[in-house]
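A short write-up of the structure that comes next.
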Amino acid sequence: MTRLIIVLFAMMASSVVGAADENCIPCHTKETPGAVKQWRGSAHADKVFCAGCHGEDHQAIVAGEAKVTATVCGRCHEQQLDEHQSSRHGMGLHSGWGCTRNMPRRDQRECRFCHEEGSDIPVSQVHCARFLKQSSEIGELGCNRCHLVESSCATCHTNHLTDGKIARDPAICAKCHMGPDHPQWEMWQSSLHGALNNSAGPDVGPDCQRCHMPAGTHNVSGGLTMTPGGVLYPPADAAKNRDFMVAICSECHAPAFARRELTSGDAIREQSRAIVAQAVKIVRELNDAGLLSPSPQERPAHPLRGHELVTDSQMLYEDTSHIERLLFKMQKYDFARTVKGAYHQNPAYTHWIGNAELKMDLVDIRAEAERLRLMGQWQATPTGAADIKEERETEQLLQILRGRFERGEIDQSRYEQDKKALLDSVLQ
Amino acid sequence: MTRLIIVLFAMMASSVVGAADENCIPCHTKETPGAVKQWRGSAHADKVFCAGCHGEDHQAIVAGEAKVTATVCGRCHEQQLDEHQSSRHGMGLHSGWGCTRNMPRRDQRECRFCHEEGSDIPVSQVHCARFLKQSSEIGELGCNRCHLVESSCATCHTNHLTDGKIARDPAICAKCHMGPDHPQWEMWQSSLHGALNNSAGPDVGPDCQRCHMPAGTHNVSGGLTMTPGGVLYPPADAAKNRDFMVAICSECHAPAFARRELTSGDAIREQSRAIVAQAVKIVRELNDAGLLSPSPQERPAHPLRGHELVTDSQMLYEDTSHIERLLFKMQKYDFARTVKGAYHQNPAYTHWIGNAELKMDLVDIRAEAERLRLMGQWQATPTGAADIKEERETEQLLQILRGRFERGEIDQSRYEQDKKALLDSVLQ
Amino acid sequence: MTRLIIVLFAMMASSVVGAADENCIPCHTKETPGAVKQWRGSAHADKVFCAGCHGEDHQAIVAGEAKVTATVCGRCHEQQLDEHQSSRHGMGLHSGWGCTRNMPRRDQRECRFCHEEGSDIPVSQVHCARFLKQSSEIGELGCNRCHLVESSCATCHTNHLTDGKIARDPAICAKCHMGPDHPQWEMWQSSLHGALNNSAGPDVGPDCQRCHMPAGTHNVSGGLTMTPGGVLYPPADAAKNRDFMVAICSECHAPAFARRELTSGDAIREQSRAIVAQAVKIVRELNDAGLLSPSPQERPAHPLRGHELVTDSQMLYEDTSHIERLLFKMQKYDFARTVKGAYHQNPAYTHWIGNAELKMDLVDIRAEAERLRLMGQWQATPTGAADIKEERETEQLLQILRGRFERGEIDQSRYEQDKKALLDSVLQ
């Protein structure tokens, strides 16, 4: 029934568009010649017209408010939309976790980031703590430009081009799947798969699509073992996913070999989790001892969790203590590089760029923990030393005040006034 | 008039060369077969001969002293030279700032790095503080190999090849525009522009040249908003440059969309500057309080500014305090990545590789500032503790001395002598 | 004589194989269709059959125990095996140093990592300290996947494909020669050589093979100046290698130019060694003064050297002090990038990614040394302060204990028990 309504709606839209098109093309051939040219060269040309996707509210289009969402594409490309919406690409990426609705469930607390108890409807569109800390410009370009894949087919297919080679090129995946937190593109490029792809083509050296979109499916989540937030699948689901992936590997490899290599990836994943767990424990206990500076209480509130210490996937990288920022790098970057490097069979990502960094992160975190413990003890020294500390601190503040004055940041009267206030406060 | 002289000179040079060539080719077919082969396959073959560009002083050529500068090429390629010399590529790159002669002016103090008051002539060829700190080998390969673009067309065109596809390939831009301080190549590659270039060619996915050298101009500076030193253009000039760039974007995009995206880049640039400014303030005030170690007074003099604290584009990365080196990374690398990432529409460079690093730099800088303040206070503890410190320090020095002796770095008599001197100094 | 035996053996093996093949293909067309397809399309098809390389012990093959080592390939490809085994690729890479058997000798102590006094036979297959610290999975994928080149031709040629274009593509070199410790692929790509290779092909822009495997030799070590462990060749051998490399460069360049550039690389190498030496000295003397934390005595034993301080090529990156991990980055990554960047003529790798990092590493190492010295002095403060320290430490431990209890990591009875034990220990 829903399907029938959609088809009817699409037909109505199309006919409306036939008319609208006569209004669009003449003007837009001058105003946005690139878009018109791309449309004319596309499979949509003379079949799907402008308003069919964009609607007819020109003012809304110009203001960027009439988004051509995946639902619009799904009017015709129904199967692809269904597959997309069942996959990680289609669910909850705005939350920073990725939803598990059609996937194995994680613990209830994670569901609560997006859903009220017992509800399948997200409470709002965006719940990622890091997104909430961004300026709107960084949020739009630095977060949504990728996470928009949830609701926009154009993320991979572009707006007006329909040539399949665009979406079948690993370069289009690279647009999001690169960089410090998930360099799948880079690790594929310098793996044997990528090397063979370069010299002998995609039949010999498989690309992203070959393994993650087998037979052209738009469900990209087959065969995975973790959610984007790093939560493991329950064993039964993980086993099913593993069989799915081994079947893909077996197009080229002996199944026993494929299974052995993927199991080795699982082991590396667990070893890496154990290294990270040591660091999390250190940070938690420093917080217990009141040694984080600034402490969660002293810093701006976490947009979702307030003043508690957050070390999971909603961890922030700003306004934290130095040791938490080291933990952030460790979990978000180096853990991901090690594990994804292993599953993608890239030696340097698994070892040097991943595992060695994890171990060096732990060295750095232990060293900073020791510094914080000693600094905490020093700050608790007896009165005699405290006097000296105060004297020295006043001296430091006076020097800073003079510097501001000399650089012209404050004028003379302000300088005198601040200096007096400082000295008065000390004498009290 | 100047032009006439140049043309006449070029004609003279050419005729001289015809003769010289007879001396060059037979020998160089054996000595530098690659160069001769490249020349024979080039548009210059049988038109421009060896001495026409290299001159006739064979000894100078062999010694690498007879450089084929841009002026030599400009004898024939006059328009290209003019455009090049009007652009950022042609001016003042040796200064580390890039000159603003034909661009909006910055403040007078910056002009003084290269020019005496009221003079258009640079006071010397090289004024970059970092260059002056280098060995000649690093200076030649690590600085000049790129900054030479100022005076050498071969930087992009190579020495003997003339095939336009070389200079029209983003790979040739990558030679300099990559790496930690300005990864334009990398951020283009993994942007939508780069992805489409890879799958659908340069007509669909624009390359560096399409936007920065429109219609083949050699003035690469159209449409920019900052000098290489990070100085903003005055509003009127920035507005003119913006119109220029929007016109280029509009070949493919709706102008309103292009302008919105570039304005978003401006906002990200200003937000990033504000984050950096917080860090600069912290470092300046630590210097005011005498807490940088080594302090500007204690370290080798800055080659241009002596013993003052330098936090601008002439900032050094060597012999500084740890916190200044953090600030260096922040300004030179992470600020550039964020802003250039935004203008090049690359999500990962804008957010993770850029903005997130900026914010983590600030976390690190604040933590180091707190450490320095505490360490400064500890070093000012009362006499009792100072005695202990001295005792402990002597003990440390004795252990180091023994280590040197045991590793055979000093012989026994030197060991005894140094030990005695140390103990004597303590007993005084 | 040896050669005759090998040929005879190869012939015997081949005839055995003809029969075995009848057993393999029908089944494997279903079980491992990719491998069979690749073999059918290869130069080996209908000439070298399955068991010719894999042997006939099916159980061992399935278990991954019947490795097709270089010796197997060498039965037919004798010259290539000889060249490979004379090169760095063929010797001692499992040691983490690379053997110098057919190369200039280093000092005897280094030979002792693999050989008993006076013996040419390695005492065991693996002697790399870092390998010995790995899990078997990381060891297999993160170490052996590359270092296997010693004994496996498939590392570059793949298992069943024989198309020469695979092994002649820099992408296959990239599989190992990339990443933080030896990014030869990346630095070639963005050098002039790589840029020209991209736009004008391998005749104009030389690839890895052109310079390092001239005339198709499998000895990849011609022209080098250092062993993988960073040990310099004696002058006479270095001079011979230099002549070899200058001859290769001279196919395109003037020999004087090539020699000048390579000599400049030597200078940069020596300057970089001098910077590293300053850092090594600082770390050694901190160890003398007992200021490393954890000290070599307090940490898990180095698998080859026990509890001594190791700063050479067998240096570890885990369980060390923070300052040693900075030194590790400096030596293993930044030194390599600078020097290889210089020899590969890449400005950004030589300067920013290499040399600037080396200098910033030294800044960081000096700062950490100062912190360690001050912290060491603070920990030696007199009794009064020590009391306070103990009190504060107890307080910290109590807070941590409460945190563990509140997070449910320990139950109430364990909490009470641990708390009592802690308080008792303080009261004693």
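Numbering starts fresh at 1 for the residues of each chain in the structure tokens, the chains themselves are lettered A, B, ... in the order given, and ligands are numbered from 1 as they appear.
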
Contact set, chain A to chain C: 8 Å, only C-alpha atoms, as a PyMOL selection string: chain A and resi 190-192+194-196+198-200+250-257+264-265+267-268+285-286+288-290+342+345-353+356+359-360+363-364+367+374+376-378+380-382

Got a sec to tell me which of region 107-353 of chain B DSSP assigns to helix (DSSP H, G or I), as number ranges by chain? B: 108-111, 129-132, 136-150, 154-157, 164-167, 170-174, 184-189, 192-200, 208-212, 214-216, 235-249, 255-288, 322-343, 347-353

Can you pull out the residues contacting Ser95 (chain B)? Cut-off 9 Å, using only C-alpha atoms, and skip same-chain residues under 4 positions away; I want them as a short mmCIF file (atom, residue, chain, number, x, y, z; two decimals) with all heavy atoms, in the first residue's frame.
data_model
loop_
_atom_site.label_atom_id
_atom_site.label_comp_id
_atom_site.auth_asym_id
_atom_site.auth_seq_id
_atom_site.Cartn_x
_atom_site.Cartn_y
_atom_site.Cartn_z
N CYS B 99 55.46 38.24 -0.85
CA CYS B 99 55.31 39.70 -0.92
C CYS B 99 53.89 40.09 -1.29
O CYS B 99 53.14 39.34 -1.88
CB CYS B 99 56.26 40.28 -1.95
SG CYS B 99 56.06 42.05 -2.15
N PHE B 113 60.70 43.42 6.47
CA PHE B 113 61.52 42.21 6.42
C PHE B 113 62.36 42.17 5.15
O PHE B 113 63.43 41.59 5.13
CB PHE B 113 60.64 40.94 6.49
CG PHE B 113 60.25 40.62 7.88
CD1 PHE B 113 58.93 40.66 8.28
CD2 PHE B 113 61.22 40.31 8.83
CE1 PHE B 113 58.57 40.39 9.58
CE2 PHE B 113 60.86 40.03 10.14
CZ PHE B 113 59.53 40.08 10.51
N CYS B 114 61.82 42.76 4.08
CA CYS B 114 62.52 42.70 2.80
C CYS B 114 62.95 44.05 2.28
O CYS B 114 63.85 44.15 1.45
CB CYS B 114 61.64 42.03 1.74
SG CYS B 114 61.17 40.37 2.17
N GLN B 125 68.30 38.71 -1.02
CA GLN B 125 67.44 37.69 -1.62
C GLN B 125 66.69 36.86 -0.60
O GLN B 125 65.57 36.46 -0.84
CB GLN B 125 68.29 36.77 -2.50
CG GLN B 125 68.47 37.34 -3.90
CD GLN B 125 68.69 36.22 -4.87
OE1 GLN B 125 69.68 35.52 -4.77
NE2 GLN B 125 67.77 36.04 -5.80
N VAL B 126 67.30 36.59 0.51
CA VAL B 126 66.69 35.65 1.45
C VAL B 126 66.51 36.26 2.82
O VAL B 126 67.46 36.73 3.43
CB VAL B 126 67.55 34.38 1.58
CG1 VAL B 126 66.97 33.48 2.64
CG2 VAL B 126 67.64 33.66 0.25
N HIS B 127 65.28 36.27 3.30
CA HIS B 127 65.03 36.84 4.61
C HIS B 127 64.19 35.94 5.49
O HIS B 127 63.67 36.40 6.49
CB HIS B 127 64.32 38.19 4.47
CG HIS B 127 65.29 39.30 4.28
ND1 HIS B 127 65.78 40.04 5.29
CD2 HIS B 127 65.89 39.75 3.17
CE1 HIS B 127 66.63 40.93 4.82
NE2 HIS B 127 66.71 40.77 3.54
N CYS B 128 64.05 34.69 5.10
CA CYS B 128 63.25 33.82 5.93
C CYS B 128 64.08 33.32 7.11
O CYS B 128 65.16 32.77 6.93
CB CYS B 128 62.74 32.62 5.12
SG CYS B 128 62.06 31.33 6.15
N ALA B 129 63.57 33.54 8.30
CA ALA B 129 64.32 33.17 9.50
C ALA B 129 64.66 31.69 9.51
O ALA B 129 65.75 31.29 9.87
CB ALA B 129 63.50 33.52 10.74
N PHE B 131 65.03 29.67 6.96
CA PHE B 131 66.08 29.39 5.98
C PHE B 131 67.45 29.71 6.57
O PHE B 131 68.41 28.95 6.42
CB PHE B 131 65.84 30.21 4.71
CG PHE B 131 66.88 30.00 3.66
CD1 PHE B 131 66.73 28.99 2.72
CD2 PHE B 131 68.02 30.78 3.60
CE1 PHE B 131 67.71 28.77 1.75
CE2 PHE B 131 69.00 30.58 2.65
CZ PHE B 131 68.85 29.57 1.72
N GLN B 314 57.52 34.18 11.21
CA GLN B 314 58.96 33.98 11.25
C GLN B 314 59.36 33.18 12.49
O GLN B 314 60.55 33.09 12.84
CB GLN B 314 59.70 35.33 11.22
CG GLN B 314 59.51 36.12 9.93
CD GLN B 314 60.47 35.68 8.81
OE1 GLN B 314 61.35 34.85 9.02
NE2 GLN B 314 60.26 36.22 7.62
#

How many Å lie between CA of Ser42 (chain A) and CA of His212 (chain A), rounded to one decimal?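 Those two atoms sit 25.8 Å apart.
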
Between CA of Ser152 (chain C) and CA of Arg112 (chain C), what is the spacing in Å? 25.0 Å

Could you tell me how far CA of Lys332 (chain B) sits from CA of Gly306 (chain B), in Å to one decimal place? 21.0 Å

Spatial neighbours of Val280 (chain A), 9 Å, only C-alpha atoms, chain gap at least 3 places, as an NGL selection string: :A and (276-277 or 283-285 or 311 or 324 or 327)

Can I get the selection written as a compact mmCIF listing (two decimals), in the first residue's frame, with N, CA and C atoms?
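Result file again.txt:
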# COMPACT_ATOMS: atom_id res chain seq x y z
N VAL A 276 43.85 -0.46 25.31
CA VAL A 276 43.06 0.74 25.58
C VAL A 276 42.46 0.70 26.99
N ALA A 277 42.01 -0.49 27.40
CA ALA A 277 41.38 -0.61 28.72
C ALA A 277 42.34 -0.20 29.84
N VAL A 283 43.01 6.80 33.54
CA VAL A 283 42.33 8.10 33.50
C VAL A 283 41.19 8.15 34.51
N ARG A 284 40.45 7.07 34.60
CA ARG A 284 39.35 7.03 35.58
C ARG A 284 39.85 7.21 37.00
N GLU A 285 40.95 6.56 37.31
CA GLU A 285 41.44 6.62 38.69
C GLU A 285 42.09 7.98 38.99
N THR A 311 34.44 8.63 28.69
CA THR A 311 35.57 7.99 28.00
C THR A 311 35.10 7.08 26.87
N GLU A 324 43.36 13.10 28.95
CA GLU A 324 42.15 12.64 28.25
C GLU A 324 42.30 12.81 26.75
N LEU A 327 44.12 9.98 25.54
CA LEU A 327 43.22 8.82 25.48
C LEU A 327 42.31 8.92 24.25

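Between Cys73 (chain B) and the residues B:Ile365, B:Ser313, B:Lys420, B:His160, the shortest atom-to-atom distance, using only C-alpha atoms, involves B:His160.
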
Quick one: residues within 8 Å of His84 (chain C), only C-alpha atoms, excluding same-chain residues fewer than 5 positions away - as a list in words? His89, Gly90, His218, Asn219 and Val220 of chain C
